[in-house]
Amino acid sequence: MAIYLTKESKVLVQGMTGAEGMKHTRRMLAAGTDVVGGVNPRKPGRTVHFDERAVPVFGSVREGMERTGADVTVVFVPPAFAKGAVVEAADAGLGLAVVITEGIPVHDSVAFTAYARSRGTRVIGPNCPGLISPGQSNAGIIPPDITKPGRIGLVSKSGTLTYQLMHELRDIGFSTCVGIGGDPVVGTSHIDCLAAFQDDPDTELIVLIGEIGGDAEERAAAHIRDHVTKPVVGYIAGFTAPEGRTMGHAGAIVSGSSGTARAKKDALEAAGVPVASTPTDAARHVLAVLGGAARNGAPA
């Protein structure tokens, strides 16, 4: 099992014929993703060859969906066109839109995430690495060869830390890794992923990676306390960040005590979540929790 993305997912790539779209489409195909088409309104009817796979280009998302049965889109278009790309995907009825593009104006993100939600389309991102269900499908830019299928679910604001935890826990492997993005407005939250992993029978433990800024992790802590029965291990980036200065992601800004790494750590620990001091320490926590479960009779 996995969340949001499986081997049955059929993927369109909006912006496939651009440099980034071409590069990452090739990587997604190599990872086993069923990329069924690209979308470029200026190049309909073209076919792009990726090694032995020929991928058609459609003039619209709706045409691509109707011709291929696609249910996922990955968005690689420039920031100025991202809002229109997501709205088009939502109007076509796609269930999942993975928005890799960074630098999207916040008011556009507010508009397209709300619109997609009203149409029943889940948005991952923007400004995110996407998501991967190892051994099944990869939608975005996450390296597919640094881990394997397994029983850990991972939700993270940070792409780089996603990759590091995937690599450090590669011997156990992951059900799904979701990079939700670190912008002030994102379409899928920690809570959404926690709920999905809680319902996934093949996810035994959840890793939550947060960072300074906003209150998403505090809200996630309350959700864990009230609704999550599976073990959760946390890591928060940004303990050394100065107040009042944006660090890394657009959403990573601290004002007073709000949004600090300490506040997030305290909230998670109050909900029973061990919060590691480094990514490597987080991996050790995971191994300790899973080892303890095995000793108590749960499957190793």
# chains A, B, ... in the order shown; residues from 1 in each chain; ligands from 1
call {"tool": "select_by_dssp", "arguments": {"residues": "range 150-254 of chain A", "states": "strand (DSSP E or B)", "output": "VMD selection string"}}
result
chain A and resid 150 to 156 174 to 179 205 to 211 232 to 237
call {"tool": "closest_atom_pairs", "arguments": {"of": "range 24-112 of chain A", "to": "range 177-198 of chain A", "cutoff": "7 Å", "atoms": "only C-alpha atoms", "output": "JSON lines"}}
result
{"residue": "A:Val106", "atom": "CA", "partner": "A:Val185", "partner_atom": "CA", "distance": 6.9}
{"residue": "A:Ser109", "atom": "CA", "partner": "A:Val185", "partner_atom": "CA", "distance": 6.3}
{"residue": "A:Val110", "atom": "CA", "partner": "A:Val185", "partner_atom": "CA", "distance": 6.4}
call {"tool": "write_last_selection", "arguments": {"atoms": "N, CA, C and O atoms", "output": "PDB file, in the first residue's frame"}}
result
ATOM      1  N   VAL A 106       2.312  34.340  -3.535  1.00  0.00           N
ATOM      2  CA  VAL A 106       1.462  33.747  -2.503  1.00  0.00           C
ATOM      3  C   VAL A 106      -0.018  33.886  -2.868  1.00  0.00           C
ATOM      4  O   VAL A 106      -0.807  32.954  -2.642  1.00  0.00           O
ATOM      5  N   SER A 109      -0.969  31.100  -5.055  1.00  0.00           N
ATOM      6  CA  SER A 109      -1.068  29.833  -4.326  1.00  0.00           C
ATOM      7  C   SER A 109      -2.353  29.753  -3.514  1.00  0.00           C
ATOM      8  O   SER A 109      -3.005  28.705  -3.461  1.00  0.00           O
ATOM      9  N   VAL A 110      -2.723  30.863  -2.869  1.00  0.00           N
ATOM     10  CA  VAL A 110      -3.981  30.905  -2.125  1.00  0.00           C
ATOM     11  C   VAL A 110      -5.150  30.591  -3.062  1.00  0.00           C
ATOM     12  O   VAL A 110      -6.033  29.780  -2.738  1.00  0.00           O
TER      13      VAL A 110
END
call {"tool": "closest_atom_pairs", "arguments": {"of": "range 78-180 of chain A", "to": "range 213-222 of chain A", "cutoff": "12 Å", "atoms": "only C-alpha atoms", "output": "JSON lines"}}
result
{"residue": "A:Val155", "atom": "CA", "partner": "A:Ala220", "partner_atom": "CA", "distance": 11.1}
{"residue": "A:Ser156", "atom": "CA", "partner": "A:Glu217", "partner_atom": "CA", "distance": 10.5}
{"residue": "A:Lys157", "atom": "CA", "partner": "A:Ala216", "partner_atom": "CA", "distance": 10.0}
{"residue": "A:Ile180", "atom": "CA", "partner": "A:Ala216", "partner_atom": "CA", "distance": 11.4}
call {"tool": "write_last_selection", "arguments": {"atoms": "N, CA, C and O atoms", "output": "PDB file, in the first residue's frame"}}
result
ATOM      1  N   VAL A 155       6.588  12.573   5.949  1.00  0.00           N
ATOM      2  CA  VAL A 155       6.029  13.840   5.482  1.00  0.00           C
ATOM      3  C   VAL A 155       6.985  14.937   5.907  1.00  0.00           C
ATOM      4  O   VAL A 155       7.419  14.998   7.057  1.00  0.00           O
ATOM      5  N   SER A 156       7.329  15.827   4.961  1.00  0.00           N
ATOM      6  CA  SER A 156       8.396  16.777   5.214  1.00  0.00           C
ATOM      7  C   SER A 156       8.162  18.090   4.491  1.00  0.00           C
ATOM      8  O   SER A 156       7.697  18.114   3.359  1.00  0.00           O
ATOM      9  N   LYS A 157       8.531  19.199   5.162  1.00  0.00           N
ATOM     10  CA  LYS A 157       8.569  20.501   4.499  1.00  0.00           C
ATOM     11  C   LYS A 157       9.811  20.640   3.615  1.00  0.00           C
ATOM     12  O   LYS A 157       9.806  21.405   2.657  1.00  0.00           O
ATOM     13  N   ILE A 180       5.857  18.170   1.190  1.00  0.00           N
ATOM     14  CA  ILE A 180       4.686  19.041   1.068  1.00  0.00           C
ATOM     15  C   ILE A 180       5.056  20.469   0.686  1.00  0.00           C
ATOM     16  O   ILE A 180       4.188  21.255   0.300  1.00  0.00           O
TER      17      ILE A 180
END
call {"tool": "select_by_dssp", "arguments": {"residues": "range 51-297 of chain A", "states": "helix (DSSP H, G or I)", "output": "PDB file with C-alpha atoms, in the first residue's frame"}}
result
ATOM      1  CA  VAL A  61      -5.000  18.569 -19.555  1.00  0.00           C
ATOM      2  CA  ARG A  62      -8.564  17.544 -20.354  1.00  0.00           C
ATOM      3  CA  GLU A  63      -7.515  16.062 -23.690  1.00  0.00           C
ATOM      4  CA  GLY A  64      -4.658  14.198 -22.026  1.00  0.00           C
ATOM      5  CA  MET A  65      -6.923  12.820 -19.320  1.00  0.00           C
ATOM      6  CA  GLU A  66      -9.620  11.744 -21.769  1.00  0.00           C
ATOM      7  CA  ARG A  67      -7.105  10.090 -24.101  1.00  0.00           C
ATOM      8  CA  THR A  68      -5.037   8.306 -21.451  1.00  0.00           C
ATOM      9  CA  PRO A  79       5.646  30.641 -11.812  1.00  0.00           C
ATOM     10  CA  ALA A  80       3.505  33.001 -13.885  1.00  0.00           C
ATOM     11  CA  PHE A  81       1.631  30.053 -15.416  1.00  0.00           C
ATOM     12  CA  ALA A  82       1.347  27.798 -12.356  1.00  0.00           C
ATOM     13  CA  LYS A  83      -2.047  29.073 -11.223  1.00  0.00           C
ATOM     14  CA  GLY A  84      -3.538  28.467 -14.660  1.00  0.00           C
ATOM     15  CA  ALA A  85      -1.981  25.002 -14.824  1.00  0.00           C
ATOM     16  CA  VAL A  86      -3.519  23.912 -11.526  1.00  0.00           C
ATOM     17  CA  VAL A  87      -6.907  25.417 -12.341  1.00  0.00           C
ATOM     18  CA  GLU A  88      -6.856  23.573 -15.671  1.00  0.00           C
ATOM     19  CA  ALA A  89      -6.032  20.299 -13.920  1.00  0.00           C
ATOM     20  CA  ALA A  90      -8.803  20.815 -11.385  1.00  0.00           C
ATOM     21  CA  ASP A  91     -11.328  21.677 -14.095  1.00  0.00           C
ATOM     22  CA  ALA A  92     -10.367  18.495 -15.940  1.00  0.00           C
ATOM     23  CA  VAL A 106       1.462  33.747  -2.503  1.00  0.00           C
ATOM     24  CA  HIS A 107      -1.836  35.190  -3.756  1.00  0.00           C
ATOM     25  CA  ASP A 108      -1.715  32.752  -6.687  1.00  0.00           C
ATOM     26  CA  SER A 109      -1.068  29.833  -4.326  1.00  0.00           C
ATOM     27  CA  VAL A 110      -3.981  30.905  -2.125  1.00  0.00           C
ATOM     28  CA  ALA A 111      -6.240  31.041  -5.173  1.00  0.00           C
ATOM     29  CA  PHE A 112      -5.313  27.771  -6.838  1.00  0.00           C
ATOM     30  CA  THR A 113      -5.141  25.657  -3.673  1.00  0.00           C
ATOM     31  CA  ALA A 114      -8.612  26.840  -2.650  1.00  0.00           C
ATOM     32  CA  TYR A 115      -9.981  26.309  -6.151  1.00  0.00           C
ATOM     33  CA  ALA A 116      -8.480  22.836  -6.444  1.00  0.00           C
ATOM     34  CA  ARG A 117      -9.896  21.891  -3.043  1.00  0.00           C
ATOM     35  CA  SER A 118     -13.365  23.015  -4.148  1.00  0.00           C
ATOM     36  CA  GLY A 159      13.281  18.394   0.170  1.00  0.00           C
ATOM     37  CA  THR A 160      16.901  17.981   1.237  1.00  0.00           C
ATOM     38  CA  LEU A 161      15.966  16.504   4.619  1.00  0.00           C
ATOM     39  CA  THR A 162      13.510  14.190   2.881  1.00  0.00           C
ATOM     40  CA  TYR A 163      16.351  12.765   0.833  1.00  0.00           C
ATOM     41  CA  GLN A 164      18.646  12.448   3.836  1.00  0.00           C
ATOM     42  CA  LEU A 165      16.114  10.506   5.930  1.00  0.00           C
ATOM     43  CA  MET A 166      15.231   8.295   2.960  1.00  0.00           C
ATOM     44  CA  HIS A 167      18.901   7.419   2.572  1.00  0.00           C
ATOM     45  CA  GLU A 168      19.597   6.909   6.279  1.00  0.00           C
ATOM     46  CA  HIS A 190       1.286  17.543   7.729  1.00  0.00           C
ATOM     47  CA  ILE A 191      -2.134  16.696   9.151  1.00  0.00           C
ATOM     48  CA  ASP A 192      -3.455  15.467   5.794  1.00  0.00           C
ATOM     49  CA  CYS A 193      -0.500  13.104   5.460  1.00  0.00           C
ATOM     50  CA  LEU A 194      -0.663  11.965   9.076  1.00  0.00           C
ATOM     51  CA  ALA A 195      -4.303  11.005   8.600  1.00  0.00           C
ATOM     52  CA  ALA A 196      -3.539   9.143   5.375  1.00  0.00           C
ATOM     53  CA  PHE A 197      -0.605   7.253   6.918  1.00  0.00           C
ATOM     54  CA  GLN A 198      -2.746   6.399   9.946  1.00  0.00           C
ATOM     55  CA  ASP A 199      -5.227   4.727   7.583  1.00  0.00           C
ATOM     56  CA  ALA A 216       1.780  23.763  11.036  1.00  0.00           C
ATOM     57  CA  GLU A 217       3.810  21.541  13.348  1.00  0.00           C
ATOM     58  CA  GLU A 218       1.940  22.708  16.443  1.00  0.00           C
ATOM     59  CA  ARG A 219      -1.348  21.869  14.745  1.00  0.00           C
ATOM     60  CA  ALA A 220       0.085  18.525  13.664  1.00  0.00           C
ATOM     61  CA  ALA A 221       1.032  17.813  17.281  1.00  0.00           C
ATOM     62  CA  ALA A 222      -2.569  18.348  18.392  1.00  0.00           C
ATOM     63  CA  HIS A 223      -3.767  16.009  15.640  1.00  0.00           C
ATOM     64  CA  ILE A 224      -1.258  13.343  16.650  1.00  0.00           C
ATOM     65  CA  ARG A 225      -2.347  13.580  20.268  1.00  0.00           C
ATOM     66  CA  ASP A 226      -6.029  13.131  19.385  1.00  0.00           C
ATOM     67  CA  HIS A 227      -6.051  10.898  16.303  1.00  0.00           C
ATOM     68  CA  ALA A 261      11.892  25.406  16.547  1.00  0.00           C
ATOM     69  CA  ARG A 262      11.658  25.224  20.349  1.00  0.00           C
ATOM     70  CA  ALA A 263       7.902  25.876  20.327  1.00  0.00           C
ATOM     71  CA  LYS A 264       7.375  23.171  17.728  1.00  0.00           C
ATOM     72  CA  LYS A 265       9.587  20.687  19.571  1.00  0.00           C
ATOM     73  CA  ASP A 266       7.752  21.334  22.828  1.00  0.00           C
ATOM     74  CA  ALA A 267       4.347  20.852  21.181  1.00  0.00           C
ATOM     75  CA  LEU A 268       5.353  17.581  19.547  1.00  0.00           C
ATOM     76  CA  GLU A 269       6.977  16.202  22.684  1.00  0.00           C
ATOM     77  CA  ALA A 270       3.866  17.113  24.691  1.00  0.00           C
ATOM     78  CA  PRO A 279      18.475  13.982  10.961  1.00  0.00           C
ATOM     79  CA  THR A 280      20.835  11.153  11.871  1.00  0.00           C
ATOM     80  CA  ASP A 281      19.439  11.188  15.404  1.00  0.00           C
ATOM     81  CA  ALA A 282      15.947  10.976  13.911  1.00  0.00           C
ATOM     82  CA  ALA A 283      16.972   7.820  12.049  1.00  0.00           C
ATOM     83  CA  ARG A 284      18.277   6.364  15.327  1.00  0.00           C
ATOM     84  CA  HIS A 285      14.939   7.126  17.008  1.00  0.00           C
ATOM     85  CA  VAL A 286      13.110   5.296  14.209  1.00  0.00           C
ATOM     86  CA  LEU A 287      15.349   2.246  14.550  1.00  0.00           C
ATOM     87  CA  ALA A 288      14.865   2.256  18.322  1.00  0.00           C
ATOM     88  CA  VAL A 289      11.075   2.487  18.052  1.00  0.00           C
ATOM     89  CA  LEU A 290      10.834  -0.243  15.419  1.00  0.00           C
ATOM     90  CA  GLY A 291      13.277  -2.412  17.358  1.00  0.00           C
ATOM     91  CA  GLY A 292      11.198  -2.002  20.501  1.00  0.00           C
ATOM     92  CA  ALA A 293       8.026  -2.925  18.601  1.00  0.00           C
ATOM     93  CA  ALA A 294       9.702  -6.062  17.303  1.00  0.00           C
ATOM     94  CA  ARG A 295      10.794  -7.056  20.817  1.00  0.00           C
TER      95      ARG A 295
END
call {"tool": "closest_atom_pairs", "arguments": {"of": "range 108-171 of chain A", "to": "range 3-15 of chain A", "cutoff": "12 Å", "atoms": "only C-alpha atoms", "output": "Markdown table"}}
result
| residue | atom | partner | partner_atom | distance |
| --- | --- | --- | --- | --- |
| A:Thr121 | CA | A:Tyr4 | CA | 11.3 |
| A:Arg122 | CA | A:Tyr4 | CA | 8.9 |
| A:Val123 | CA | A:Tyr4 | CA | 10.5 |
| A:Ile124 | CA | A:Tyr4 | CA | 9.8 |
| A:Gly130 | CA | A:Leu5 | CA | 10.4 |
| A:Leu131 | CA | A:Leu5 | CA | 7.7 |
| A:Ile132 | CA | A:Leu5 | CA | 7.2 |
| A:Ser133 | CA | A:Leu5 | CA | 6.3 |
| A:Pro134 | CA | A:Thr6 | CA | 9.1 |
| A:Gly135 | CA | A:Lys7 | CA | 8.0 |
| A:Gln136 | CA | A:Lys7 | CA | 4.3 |
| A:Ser137 | CA | A:Lys7 | CA | 5.4 |
| A:Asn138 | CA | A:Leu5 | CA | 7.8 |
| A:Ala139 | CA | A:Val11 | CA | 7.7 |
| A:Gly140 | CA | A:Val13 | CA | 9.5 |
| A:Pro149 | CA | A:Thr6 | CA | 11.7 |
| A:Arg151 | CA | A:Ile3 | CA | 11.9 |
| A:Ile152 | CA | A:Ile3 | CA | 11.6 |
| A:Gly153 | CA | A:Ile3 | CA | 8.8 |
| A:Leu154 | CA | A:Ile3 | CA | 10.5 |
| A:Val155 | CA | A:Ile3 | CA | 11.0 |
call {"tool": "write_last_selection", "arguments": {"atoms": "C-alpha atoms", "output": "PDB file, in the first residue's frame"}}
result
ATOM      1  CA  THR A 121      -8.224  17.925  -6.564  1.00  0.00           C
ATOM      2  CA  ARG A 122      -5.450  17.419  -4.015  1.00  0.00           C
ATOM      3  CA  VAL A 123      -2.456  19.725  -4.469  1.00  0.00           C
ATOM      4  CA  ILE A 124       1.005  18.705  -3.255  1.00  0.00           C
ATOM      5  CA  GLY A 130       6.855  15.882  -4.955  1.00  0.00           C
ATOM      6  CA  LEU A 131       6.195  12.415  -3.622  1.00  0.00           C
ATOM      7  CA  ILE A 132       7.389   8.872  -4.143  1.00  0.00           C
ATOM      8  CA  SER A 133       6.005   5.470  -3.282  1.00  0.00           C
ATOM      9  CA  PRO A 134       9.216   3.454  -3.729  1.00  0.00           C
ATOM     10  CA  GLY A 135       8.913   0.553  -6.120  1.00  0.00           C
ATOM     11  CA  GLN A 136       5.606   1.893  -7.402  1.00  0.00           C
ATOM     12  CA  SER A 137       5.671   5.469  -8.701  1.00  0.00           C
ATOM     13  CA  ASN A 138       7.550   8.751  -8.405  1.00  0.00           C
ATOM     14  CA  ALA A 139       5.890  12.105  -9.153  1.00  0.00           C
ATOM     15  CA  GLY A 140       8.374  14.962  -8.963  1.00  0.00           C
ATOM     16  CA  PRO A 149       9.796  -0.033  -0.422  1.00  0.00           C
ATOM     17  CA  ARG A 151       7.001   0.444   6.249  1.00  0.00           C
ATOM     18  CA  ILE A 152       7.863   4.045   7.135  1.00  0.00           C
ATOM     19  CA  GLY A 153       5.729   6.991   6.060  1.00  0.00           C
ATOM     20  CA  LEU A 154       7.507  10.329   5.691  1.00  0.00           C
ATOM     21  CA  VAL A 155       6.029  13.840   5.482  1.00  0.00           C
TER      22      VAL A 155
END
call {"tool": "closest_residue", "arguments": {"among": "A:Glu52, A:Gly150, A:Thr73, A:Gly234", "to": "Glu204 in chain A", "atoms": "only C-alpha atoms"}}
result
A:Gly150
